[in-house]
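*Asks:* Just so it is clear, I am handing over start_0.cif, which has mmCIF, C-alpha atoms.
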data_upload
#
loop_
_atom_site.label_atom_id
_atom_site.label_comp_id
_atom_site.auth_asym_id
_atom_site.auth_seq_id
_atom_site.Cartn_x
_atom_site.Cartn_y
_atom_site.Cartn_z
CA MET A 6 19.67 -12.35 -9.98
CA LEU A 7 17.68 -14.89 -11.98
CA GLU A 8 15.78 -15.72 -8.80
CA THR A 9 14.94 -12.03 -8.31
CA GLU A 10 13.79 -11.73 -11.91
CA ASN A 11 11.58 -14.80 -11.44
CA ASN A 12 10.16 -13.37 -8.23
CA LYS A 13 9.46 -10.10 -9.97
CA GLN A 14 7.68 -11.83 -12.82
CA GLN A 15 5.64 -13.94 -10.40
CA TRP A 16 4.66 -10.84 -8.48
CA GLU A 17 3.64 -9.03 -11.67
CA GLU A 18 1.45 -11.95 -12.72
CA LEU A 19 -0.21 -12.14 -9.32
CA ALA A 20 -0.72 -8.36 -9.29
CA LEU A 21 -2.34 -8.39 -12.71
CA LYS A 22 -4.55 -11.37 -11.77
CA THR A 23 -5.72 -9.55 -8.64
CA PHE A 24 -6.31 -6.37 -10.64
CA LEU A 25 -8.58 -8.31 -13.02
CA GLU A 26 -10.44 -9.85 -10.07
CA MET A 27 -11.01 -6.32 -8.80
CA LEU A 28 -12.21 -5.23 -12.24
CA ARG A 29 -14.83 -7.97 -12.27
CA ALA A 30 -15.87 -7.59 -8.63
CA LYS A 31 -18.84 -5.55 -7.53
CA ASP A 32 -18.10 -2.09 -6.09
CA GLY A 33 -17.55 -2.43 -2.35
CA ASP A 34 -16.35 -6.06 -2.40
CA LEU A 35 -14.00 -5.70 0.58
CA GLU A 36 -12.48 -9.16 0.22
CA VAL A 37 -11.01 -8.29 -3.18
CA VAL A 38 -9.94 -4.87 -1.91
CA ALA A 39 -8.00 -6.62 0.88
CA LYS A 40 -6.32 -8.92 -1.67
CA LEU A 41 -5.41 -5.95 -3.84
CA SER A 42 -4.01 -4.09 -0.85
CA GLU A 43 -1.90 -7.11 0.10
CA VAL A 44 -0.38 -7.66 -3.33
CA PHE A 45 0.42 -3.95 -3.72
CA SER A 46 2.01 -3.65 -0.27
CA ASP A 47 5.39 -4.66 -1.65
CA LEU A 48 8.63 -3.33 -0.19
CA ASP A 49 9.72 -1.91 -3.56
CA SER A 50 6.97 0.70 -3.25
CA LEU A 51 6.64 0.98 0.56
CA LYS A 52 10.32 1.85 1.01
CA PRO A 53 10.34 4.97 -1.18
CA MET A 54 6.88 5.85 0.19
CA ALA A 55 8.23 5.86 3.76
CA THR A 56 11.19 8.00 2.72
CA PHE A 57 8.87 10.42 0.93
CA LEU A 58 6.41 10.66 3.84
CA LYS A 59 9.23 11.43 6.28
CA GLU A 60 10.14 14.55 4.28
CA HIS A 61 7.33 16.43 6.03
CA SER A 62 7.45 17.14 9.77
CA ALA A 63 4.09 15.55 10.70
CA GLY A 64 5.01 12.44 8.75
CA LYS A 65 8.48 12.28 10.27
CA GLN A 66 7.06 12.55 13.79
CA ALA A 67 4.43 9.90 13.07
CA PHE A 68 7.06 7.33 12.13
CA LYS A 69 8.62 7.85 15.56
CA GLU A 70 5.39 7.36 17.48
CA TYR A 71 3.18 5.17 15.27
CA PRO A 72 0.02 6.97 16.46
CA CYS A 73 -3.39 5.26 16.26
CA LEU A 74 -6.84 6.78 16.58
CA GLY A 75 -7.51 4.39 19.45
CA ASN A 76 -10.87 3.22 20.67
CA ILE A 77 -13.43 5.70 19.34
CA ASP A 78 -16.76 6.37 21.06
CA LEU A 79 -19.00 7.80 18.34
CA ASN A 80 -21.65 8.86 20.86
CA GLU A 81 -19.10 10.98 22.72
CA LEU A 82 -17.89 12.60 19.49
CA ASN A 83 -21.49 13.28 18.57
CA LYS A 84 -21.82 15.55 21.61
CA LEU A 85 -19.17 17.95 20.27
CA PRO A 86 -20.22 21.16 18.45
CA LYS A 87 -21.77 20.49 15.06
CA ASN A 88 -18.95 22.24 13.20
CA SER A 89 -16.21 20.22 14.91
CA LEU A 90 -14.14 17.49 13.26
CA GLY A 91 -15.32 14.98 15.89
CA TYR A 92 -19.01 15.65 15.28
CA CYS A 93 -18.64 15.68 11.47
CA TYR A 94 -16.65 12.43 11.59
CA SER A 95 -19.15 10.60 13.83
CA ASN A 96 -22.02 11.95 11.76
CA HIS A 97 -20.31 10.81 8.53
CA LEU A 98 -20.00 7.26 9.89
CA LYS A 99 -23.50 7.12 11.43
CA GLU A 100 -25.16 8.37 8.23
CA ARG A 101 -23.49 5.55 6.29
CA GLY A 102 -24.01 2.82 8.89
CA LEU A 103 -20.23 2.57 9.39
CA THR A 104 -18.28 1.99 12.60
CA PRO A 105 -14.68 2.89 13.46
CA LEU A 106 -12.21 0.10 12.72
CA ASN A 107 -10.51 0.41 16.13
CA LEU A 108 -7.16 -0.87 14.91
CA GLU A 109 -5.21 -0.16 18.09
CA GLN A 110 -4.81 -3.87 18.83
CA ILE A 111 -2.82 -4.49 15.65
CA PRO A 112 0.86 -4.74 16.58
CA ILE A 113 3.07 -2.39 14.57
CA THR A 114 6.69 -3.46 14.41
CA ASN A 115 8.04 -1.39 11.51
CA ASP A 116 7.43 1.61 9.28
CA TYR A 117 5.77 -0.41 6.54
CA GLU A 118 3.18 -1.94 8.86
CA PHE A 119 2.53 1.54 10.23
CA ILE A 120 1.86 2.95 6.75
CA LEU A 121 -0.71 0.27 6.01
CA VAL A 122 -2.49 0.46 9.38
CA HIS A 123 -2.44 4.26 9.50
CA ILE A 124 -4.03 4.59 6.07
CA ARG A 125 -6.86 2.21 6.98
CA ASP A 126 -7.23 3.85 10.41
CA THR A 127 -7.65 7.36 8.99
CA HIS A 128 -9.42 6.65 5.68
CA ASP A 129 -12.84 7.89 6.82
CA ILE A 130 -11.28 11.03 8.26
CA TRP A 131 -9.67 11.77 4.90
CA HIS A 132 -13.16 11.52 3.39
CA VAL A 133 -14.49 14.04 5.93
CA VAL A 134 -11.60 16.48 5.70
CA THR A 135 -11.47 16.50 1.88
CA GLY A 136 -15.26 16.58 1.61
CA PHE A 137 -15.08 13.71 -0.92
CA ASP A 138 -18.16 11.52 -0.62
CA THR A 139 -18.30 7.72 -0.44
CA ASP A 140 -20.02 7.26 -3.81
CA ILE A 141 -17.95 6.24 -6.84
CA ILE A 142 -17.14 9.85 -7.79
CA GLY A 143 -16.00 10.68 -4.26
CA GLU A 144 -13.90 7.52 -4.11
CA ILE A 145 -12.19 8.40 -7.41
CA GLN A 146 -11.52 11.94 -6.15
CA LEU A 147 -9.98 10.50 -2.98
CA GLU A 148 -7.98 7.89 -4.92
CA ALA A 149 -6.33 10.66 -6.96
CA PHE A 150 -5.76 12.63 -3.74
CA TYR A 151 -4.00 9.58 -2.22
CA VAL A 152 -1.87 9.01 -5.32
CA LYS A 153 -0.61 12.59 -4.99
CA GLN A 154 -0.09 12.51 -1.24
CA LEU A 155 1.55 9.07 -0.99
CA ARG A 156 3.45 9.36 -4.32
CA PHE A 157 4.39 5.65 -4.51
CA SER A 158 1.07 3.97 -3.84
CA ARG A 159 0.44 1.11 -6.23
CA PHE A 160 -2.82 0.35 -4.40
CA TRP A 161 -4.53 3.70 -4.96
CA LEU A 162 -3.19 4.09 -8.48
CA SER A 163 -4.44 0.62 -9.38
CA LEU A 164 -7.92 1.63 -8.22
CA LEU A 165 -7.82 4.64 -10.56
CA ALA A 166 -6.69 2.40 -13.43
CA LYS A 167 -9.44 -0.09 -12.57
CA ASN A 168 -12.11 2.61 -12.55
CA LEU A 169 -10.96 4.02 -15.90
CA LEU A 170 -10.92 0.56 -17.45
CA LYS A 171 -14.37 -0.25 -16.04
CA THR A 172 -15.76 2.96 -17.56
CA THR A 173 -14.04 2.18 -20.85
CA LEU A 174 -15.67 -1.24 -21.04
CA TYR A 175 -19.06 -0.71 -19.44
CA ASN A 176 -20.02 2.98 -19.03
CA ILE A 177 -18.18 5.20 -21.50
CA GLU A 178 -20.80 7.89 -20.88
CA ASN A 179 -19.21 8.41 -17.45
CA SER A 180 -15.78 9.39 -18.81
CA GLU A 181 -16.44 13.09 -18.23
CA LYS A 182 -17.44 12.62 -14.58
CA TYR A 183 -14.56 10.25 -13.86
CA LEU A 184 -11.85 12.45 -15.39
CA ASN A 185 -13.27 15.50 -13.64
CA ALA A 186 -13.07 13.54 -10.38
CA ILE A 187 -9.44 12.56 -10.98
CA THR A 188 -8.52 16.15 -11.80
CA GLU A 189 -10.30 17.51 -8.72
CA GLY A 190 -8.70 15.00 -6.37
CA TRP A 191 -5.28 15.52 -7.91
CA ILE A 192 -5.45 19.31 -7.68
CA MET A 193 -6.73 19.25 -4.10
CA GLY A 194 -4.04 16.71 -3.14
CA SER A 195 -1.40 18.91 -4.78
CA ASN A 196 -2.50 22.09 -3.01
CA ALA A 197 -3.04 20.51 0.40
CA SER A 198 -0.41 19.99 3.10
CA PRO A 199 0.40 16.32 3.75
CA LEU A 200 -2.37 14.59 5.70
CA PHE A 201 -0.35 11.46 6.44
CA GLY A 202 0.71 11.22 10.07
CA ILE A 203 -1.67 13.81 11.49
CA GLN A 204 -2.90 12.84 14.98
CA TRP A 205 -6.54 13.46 14.26
CA ASN A 206 -7.75 12.40 17.70
CA GLN A 207 -6.12 15.52 19.13
CA LEU A 208 -8.21 17.67 16.79
CA TRP A 209 -11.75 16.33 17.39
CA HIS A 210 -12.91 19.54 19.09
CA LEU A 211 -11.60 21.92 16.38
CA PRO A 212 -13.92 23.36 13.71
CA LEU A 213 -13.59 21.30 10.50
CA GLU A 214 -13.36 24.52 8.51
CA ASP A 215 -10.31 25.67 10.52
CA ILE A 216 -8.62 22.31 9.98
CA ARG A 217 -9.26 22.53 6.24
CA THR A 218 -7.88 26.08 6.14
CA SER A 219 -4.74 25.09 8.04
CA LEU A 220 -4.20 22.23 5.56
CA ASN A 221 -4.93 24.47 2.55
CA ILE A 222 -7.87 22.30 1.54
CA LYS A 223 -10.33 24.35 -0.47
CA LEU A 224 -13.61 22.69 -1.27
CA ASP A 225 -13.86 24.98 -4.31
CA ASP A 226 -11.08 22.89 -5.85
CA LYS A 227 -13.59 20.12 -6.34
CA ASN A 228 -16.28 22.18 -8.02
CA MET B 25 -32.17 -10.42 -26.05
CA LEU B 26 -30.09 -13.43 -25.02
CA GLU B 27 -28.23 -13.15 -28.31
CA THR B 28 -27.48 -9.49 -27.62
CA GLU B 29 -26.30 -10.30 -24.12
CA ASN B 30 -24.02 -12.99 -25.53
CA ASN B 31 -22.66 -10.60 -28.13
CA LYS B 32 -22.03 -8.02 -25.44
CA GLN B 33 -20.19 -10.51 -23.29
CA GLN B 34 -18.11 -11.70 -26.24
CA TRP B 35 -17.22 -8.12 -27.07
CA GLU B 36 -16.22 -7.38 -23.48
CA GLU B 37 -13.97 -10.44 -23.39
CA LEU B 38 -12.31 -9.49 -26.69
CA ALA B 39 -11.90 -5.88 -25.53
CA LEU B 40 -10.26 -6.96 -22.27
CA LYS B 41 -8.00 -9.43 -24.08
CA THR B 42 -6.87 -6.70 -26.50
CA PHE B 43 -6.35 -4.29 -23.61
CA LEU B 44 -4.04 -6.82 -21.93
CA GLU B 45 -2.14 -7.31 -25.20
CA MET B 46 -1.66 -3.54 -25.31
CA LEU B 47 -0.48 -3.56 -21.69
CA ARG B 48 2.21 -6.11 -22.49
CA ALA B 49 3.23 -4.58 -25.84
CA LYS B 50 6.15 -2.21 -26.23
CA ASP B 51 5.31 1.49 -26.52
CA GLY B 52 4.76 2.34 -30.18
CA ASP B 53 3.64 -1.15 -31.28
CA LEU B 54 1.28 0.06 -34.00
CA GLU B 55 -0.16 -3.38 -34.75
CA VAL B 56 -1.64 -3.65 -31.26
CA VAL B 57 -2.80 -0.03 -31.39
CA ALA B 58 -4.71 -0.86 -34.59
CA LYS B 59 -6.31 -3.88 -32.89
CA LEU B 60 -7.30 -1.78 -29.91
CA SER B 61 -8.75 0.90 -32.17
CA GLU B 62 -10.79 -1.71 -34.02
CA VAL B 63 -12.29 -3.35 -30.96
CA PHE B 64 -13.16 0.01 -29.41
CA SER B 65 -14.78 1.34 -32.60
CA ASP B 66 -18.13 -0.13 -31.62
CA LEU B 67 -21.40 1.52 -32.61
CA ASP B 68 -22.49 1.78 -28.96
CA SER B 69 -19.82 4.43 -28.44
CA LEU B 70 -19.52 5.89 -31.95
CA LYS B 71 -23.21 6.78 -32.13
CA PRO B 72 -23.30 9.05 -29.07
CA MET B 73 -19.87 10.40 -30.07
CA ALA B 74 -21.24 11.49 -33.48
CA THR B 75 -24.24 13.13 -31.83
CA PHE B 76 -21.97 14.91 -29.36
CA LEU B 77 -19.53 16.11 -32.05
CA LYS B 78 -22.37 17.56 -34.12
CA GLU B 79 -23.35 19.86 -31.25
CA HIS B 80 -20.60 22.26 -32.33
CA SER B 81 -20.75 24.10 -35.67
CA ALA B 82 -17.34 22.96 -37.03
CA GLY B 83 -18.19 19.37 -36.14
CA LYS B 84 -21.66 19.62 -37.66
CA GLN B 85 -20.26 20.99 -40.90
CA ALA B 86 -17.57 18.31 -41.03
CA PHE B 87 -20.15 15.54 -40.94
CA LYS B 88 -21.72 17.07 -44.05
CA GLU B 89 -18.48 17.27 -46.03
CA TYR B 90 -16.24 14.55 -44.60
CA PRO B 91 -13.11 16.70 -45.17
CA CYS B 92 -9.68 15.09 -45.50
CA LEU B 93 -6.24 16.72 -45.31
CA GLY B 94 -5.53 15.36 -48.78
CA ASN B 95 -2.16 14.69 -50.29
CA ILE B 96 0.34 16.70 -48.26
CA ASP B 97 3.65 17.94 -49.65
CA LEU B 98 5.87 18.52 -46.62
CA ASN B 99 8.48 20.35 -48.67
CA GLU B 100 5.88 22.90 -49.80
CA LEU B 101 4.64 23.41 -46.21
CA ASN B 102 8.23 23.84 -45.13
CA LYS B 103 8.51 26.96 -47.30
CA LEU B 104 5.81 28.75 -45.30
CA PRO B 105 6.79 31.26 -42.55
CA LYS B 106 8.36 29.59 -39.53
CA ASN B 107 5.53 30.62 -37.22
CA SER B 108 2.81 29.17 -39.49
CA LEU B 109 0.82 26.01 -38.79
CA GLY B 110 2.04 24.48 -42.05
CA TYR B 111 5.73 25.01 -41.26
CA CYS B 112 5.35 23.84 -37.63
CA TYR B 113 3.46 20.74 -38.78
CA SER B 114 5.97 19.77 -41.44
CA ASN B 115 8.83 20.45 -39.06
CA HIS B 116 7.15 18.33 -36.36
CA LEU B 117 6.93 15.39 -38.77
CA LYS B 118 10.40 15.82 -40.24
CA GLU B 119 12.05 16.03 -36.82
CA ARG B 120 10.45 12.72 -35.87
CA GLY B 121 11.02 10.95 -39.17
CA LEU B 122 7.26 10.79 -39.75
CA THR B 123 5.31 11.19 -42.99
CA PRO B 124 1.68 12.23 -43.54
CA LEU B 125 -0.72 9.29 -43.71
CA ASN B 126 -2.43 10.61 -46.88
CA LEU B 127 -5.74 8.94 -46.11
CA GLU B 128 -7.74 10.55 -48.92
CA GLN B 129 -8.05 7.24 -50.78
CA ILE B 130 -10.00 5.64 -47.95
CA PRO B 131 -13.68 5.61 -48.94
CA ILE B 132 -15.94 7.16 -46.30
CA THR B 133 -19.52 6.00 -46.50
CA ASN B 134 -20.91 7.03 -43.11
CA ASP B 135 -20.37 9.21 -40.04
CA TYR B 136 -18.64 6.47 -38.06
CA GLU B 137 -16.04 5.79 -40.72
CA PHE B 138 -15.47 9.54 -40.96
CA ILE B 139 -14.82 9.82 -37.21
CA LEU B 140 -12.18 7.09 -37.33
CA VAL B 141 -10.43 8.36 -40.46
CA HIS B 142 -10.57 12.02 -39.40
CA ILE B 143 -8.97 11.29 -36.02
CA ARG B 144 -6.09 9.37 -37.64
CA ASP B 145 -5.78 12.01 -40.37
CA THR B 146 -5.43 14.90 -37.93
CA HIS B 147 -3.62 13.24 -35.00
CA ASP B 148 -0.24 14.86 -35.68
CA ILE B 149 -1.89 18.26 -36.08
CA TRP B 150 -3.50 17.88 -32.66
CA HIS B 151 0.02 17.25 -31.28
CA VAL B 152 1.27 20.45 -32.92
CA VAL B 153 -1.67 22.65 -31.94
CA THR B 154 -1.78 21.47 -28.31
CA GLY B 155 2.00 21.54 -28.01
CA PHE B 156 1.89 18.03 -26.51
CA ASP B 157 5.02 16.11 -27.46
CA THR B 158 5.25 12.57 -28.81
CA ASP B 159 6.99 11.12 -25.75
CA ILE B 160 4.97 9.15 -23.20
CA ILE B 161 4.08 12.26 -21.17
CA GLY B 162 2.89 14.12 -24.26
CA GLU B 163 0.88 11.12 -25.40
CA ILE B 164 -0.84 10.89 -22.00
CA GLN B 165 -1.61 14.62 -22.10
CA LEU B 166 -3.12 14.22 -25.56
CA GLU B 167 -5.05 11.08 -24.55
CA ALA B 168 -6.76 13.03 -21.75
CA PHE B 169 -7.40 15.90 -24.20
CA TYR B 170 -9.08 13.44 -26.60
CA VAL B 171 -11.20 11.89 -23.83
CA LYS B 172 -12.54 15.35 -23.04
CA GLN B 173 -13.07 16.44 -26.62
CA LEU B 174 -14.62 13.21 -27.94
CA ARG B 175 -16.52 12.40 -24.71
CA PHE B 176 -17.38 8.79 -25.68
CA SER B 177 -14.00 7.49 -26.82
CA ARG B 178 -13.30 4.03 -25.45
CA PHE B 179 -10.04 3.95 -27.43
CA TRP B 180 -8.40 7.00 -25.83
CA LEU B 181 -9.74 6.23 -22.36
CA SER B 182 -8.40 2.69 -22.59
CA LEU B 183 -4.95 4.11 -23.36
CA LEU B 184 -5.11 6.22 -20.21
CA ALA B 185 -6.18 3.17 -18.19
CA LYS B 186 -3.37 1.14 -19.77
CA ASN B 187 -0.77 3.77 -18.94
CA LEU B 188 -1.93 4.03 -15.32
CA LEU B 189 -1.88 0.25 -14.93
CA LYS B 190 1.57 0.02 -16.51
CA THR B 191 2.90 2.61 -14.05
CA THR B 192 1.21 0.81 -11.19
CA LEU B 193 2.93 -2.45 -12.06
CA TYR B 194 6.29 -1.37 -13.40
CA ASN B 195 7.17 2.28 -12.63
CA ILE B 196 5.27 3.56 -9.62
CA GLU B 197 7.83 6.38 -9.33
CA ASN B 198 6.22 7.92 -12.44
CA SER B 199 2.77 8.33 -10.85
CA GLU B 200 3.34 12.05 -10.24
CA LYS B 201 4.33 12.77 -13.85
CA TYR B 202 1.51 10.68 -15.29
CA LEU B 203 -1.25 12.23 -13.17
CA ASN B 204 0.08 15.70 -13.86
CA ALA B 205 -0.07 14.85 -17.57
CA ILE B 206 -3.67 13.65 -17.31
CA THR B 207 -4.68 16.78 -15.43
CA GLU B 208 -2.94 19.08 -17.91
CA GLY B 209 -4.49 17.39 -20.94
CA TRP B 210 -7.91 17.32 -19.31
CA ILE B 211 -7.84 21.00 -18.36
CA MET B 212 -6.58 22.09 -21.77
CA GLY B 213 -9.19 19.93 -23.48
CA SER B 214 -11.89 21.45 -21.26
CA ASN B 215 -10.87 25.03 -21.93
CA ALA B 216 -10.30 24.61 -25.67
CA SER B 217 -12.93 24.90 -28.40
CA PRO B 218 -13.66 21.60 -30.17
CA LEU B 219 -10.85 20.62 -32.54
CA PHE B 220 -12.80 17.85 -34.24
CA GLY B 221 -13.87 18.72 -37.76
CA ILE B 222 -11.56 21.69 -38.31
CA GLN B 223 -10.33 21.89 -41.91
CA TRP B 224 -6.68 22.35 -41.02
CA ASN B 225 -5.47 22.42 -44.63
CA GLN B 226 -7.19 25.79 -45.01
CA LEU B 227 -5.13 27.16 -42.11
CA TRP B 228 -1.58 26.16 -43.09
CA HIS B 229 -0.50 29.77 -43.69
CA LEU B 230 -1.84 31.14 -40.38
CA PRO B 231 0.44 31.73 -37.37
CA LEU B 232 0.19 28.76 -34.98
CA GLU B 233 -0.10 31.19 -32.09
CA ASP B 234 -3.18 32.85 -33.64
CA ILE B 235 -4.79 29.45 -34.19
CA ARG B 236 -4.15 28.51 -30.56
CA THR B 237 -5.60 31.80 -29.37
CA SER B 238 -8.72 31.39 -31.48
CA LEU B 239 -9.19 27.89 -30.03
CA ASN B 240 -8.50 29.09 -26.47
CA ILE B 241 -5.51 26.78 -26.18
CA LYS B 242 -3.09 28.16 -23.63
CA LEU B 243 0.22 26.40 -23.37
CA ASP B 244 0.42 27.63 -19.77
CA ASP B 245 -2.31 25.09 -19.00
CA LYS B 246 0.27 22.38 -19.38
CA ASN B 247 2.93 23.89 -17.11
#
Would you mind giving the structure from this file in structure tokens?

*Replies:*
Amino acid sequence: MLETENNKQQWEELALKTFLEMLRAKDGDLEVVAKLSEVFSDLDSLKPMATFLKEHSAGKQAFKEYPCLGNIDLNELNKLPKNSLGYCYSNHLKERGLTPLNLEQIPITNDYEFILVHIRDTHDIWHVVTGFDTDIIGEIQLEAFYVKQLRFSRFWLSLLAKNLLKTTLYNIENSEKYLNAITEGWIMGSNASPLFGIQWNQLWHLPLEDIRTSLNIKLDDKN
Amino acid sequence: MLETENNKQQWEELALKTFLEMLRAKDGDLEVVAKLSEVFSDLDSLKPMATFLKEHSAGKQAFKEYPCLGNIDLNELNKLPKNSLGYCYSNHLKERGLTPLNLEQIPITNDYEFILVHIRDTHDIWHVVTGFDTDIIGEIQLEAFYVKQLRFSRFWLSLLAKNLLKTTLYNIENSEKYLNAITEGWIMGSNASPLFGIQWNQLWHLPLEDIRTSLNIKLDDKN
């Protein structure tokens, strides 16, 4: 028991230290993001998250199959109709100089590894489907959306806390924009069907608008 | 210039240190709250806040008169009709074992001192008028309401950041309740007329419901 308490205290100290590193890091410092993700991928939060995500049929199915986007050919997706998910996704990445992560080589041996890989694998698609941009406002909107949809995510909630603290200390004039962004992401995440577990690579050819409608994602929610 | 940069850095370090003290303090530790309020009462944020608050007529007038609730007799207010602001306010305090702060003795020599005193002076009335309780959920709702209505408040935004970080580290299962509370407070604060500067002691006899209606405060916004 004492050992567990010690472990818990050690974890809390490490988590806070990493949070402060993130606070001081420049936006987009992926090394610190990876550290933050690691420290907040603790079983105490991943266990209830897995249980929660299995409550919905797409999530439940995903934990049986551990689907992965696989090796993505952006040039092929770019040939699809301009209103399709595949085209919009490839265009989103190309415009930002990004490439797919192609995570299919990562071995997945349990539900918790799947959660972590799946979220990284599909992150850019969540941007496209929600319409939330990759600037700081769009990231905050998507962070709030994740907090709603994953329910037990220390990682995404810590990013919201970090962004509010950064604004408090350095840019208080942005409070309005940041809180609007949280509210928009939270409301859209609350209205939308669960996105976790969706096999997006079976939907490349479908119109993005139809996908949004089927998921009850209304872009008006963010305006 | 170098001096200013040094000052700024020193302030940021002190602000972060106080924030971390607040994070580790027990809820309701008023000594740390006072410290936090002091460090975040910097002119860089109070100046634009004063300008912003003067944009509305009640705020503009208040900066001319520096009104104060004055010496409040709860027993007198308790004799007013049960639906009146005065009765609801005195009942709110009595139920919680609270007493009015009676801040009229504090000398106010400029707009910034007025902002700080007025917010403390009227805090319990904002609880009553918004219907936000004094438990942690109600406090978070009211913090978001303040961030909206004061626009440049490092103090209230830091409390939101602190509460999100606390949940991240210690009670991730509360994320849903906390984000709902932020959204509710933010939406109510956005829809409501400005509360800052209202001379509440002229409204004691009015029905609370009428006051809420005139301020466009709908309690449905928080459900």

*Asks:* Using all atoms listed in the file, find the one residue out of A:Leu164, A:Leu98, A:Ala63, A:Leu108 that sits nearest to Ile124 in chain A.

*Replies:*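 The closest residue to Ile124 in chain A is A:Leu108.
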
*Asks:* What separation in Å, quoted to one decimal, exists between CA of Tyr117 in chain A and CA of Asn12 in chain A?

*Replies:*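 Calculated distance between CA of Tyr117 in chain A and CA of Asn12 in chain A is 20.1 Å.
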
*Asks:* Name every residue that the PyMOL selection byres ((chain B) within 6 of (chain A)) selects in this structure, writing the answer as an MDAnalysis selection string with chains first and numbers rising.

*Replies:* chainID B and resid 176 178 182 185 188:189 192 196:197 207

*Asks:* Just to confirm, what's the straight-line distance from CA of Gln33 in chain B to CA of Lys182 in chain A in Å (one decimal)?

*Replies:*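 Distance between the two atoms: 24.9 Å.
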
*Asks:* Output the residue selection produced by the PyMOL selection byres ((chain B and resi 83-90) around 7) on the file above, formatted as a PyMOL selection string.

*Replies:* chain B and resi 77-82+91-92+135+138+220-221

*Asks:* How many Å lie between CA of Asp129 in chain A and CA of Leu48 in chain A, rounded to one decimal?

*Replies:*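 These atoms are spaced 25.2 Å apart.
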
*Asks:* Skipping near chain neighbours, those fewer than 5 positions away, what residues fall within 9 Å of Phe137 in chain A using only C-alpha atoms, listed as a compact mmCIF listing (two decimals) with C-alpha atoms, in the coordinates of the input?

*Replies:*
# COMPACT_ATOMS: atom_id res chain seq x y z
CA TRP A 131 -9.67 11.77 4.90
CA HIS A 132 -13.16 11.52 3.39
CA ILE A 142 -17.14 9.85 -7.79
CA GLY A 143 -16.00 10.68 -4.26
CA GLU A 144 -13.90 7.52 -4.11
CA ILE A 145 -12.19 8.40 -7.41
CA GLN A 146 -11.52 11.94 -6.15
CA LEU A 147 -9.98 10.50 -2.98
CA GLY A 190 -8.70 15.00 -6.37
CA LYS A 227 -13.59 20.12 -6.34

*Asks:* I'd like to know which of A:Ile216, A:Val44, A:Leu85, A:Ile113 is closest to Ile130 in chain A, using only C-alpha atoms.

*Replies:*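 Of A:Ile216, A:Val44, A:Leu85, A:Ile113, the one nearest Ile130 in chain A, counting only C-alpha atoms, is A:Ile216.
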
*Asks:* Residue by residue, what does the PyMOL selection byres ((chain B and resi 114) around 12) grab here? Present the result as a ChimeraX atom specification.

*Replies:* /B:96-113,115-124,148-149,152,228
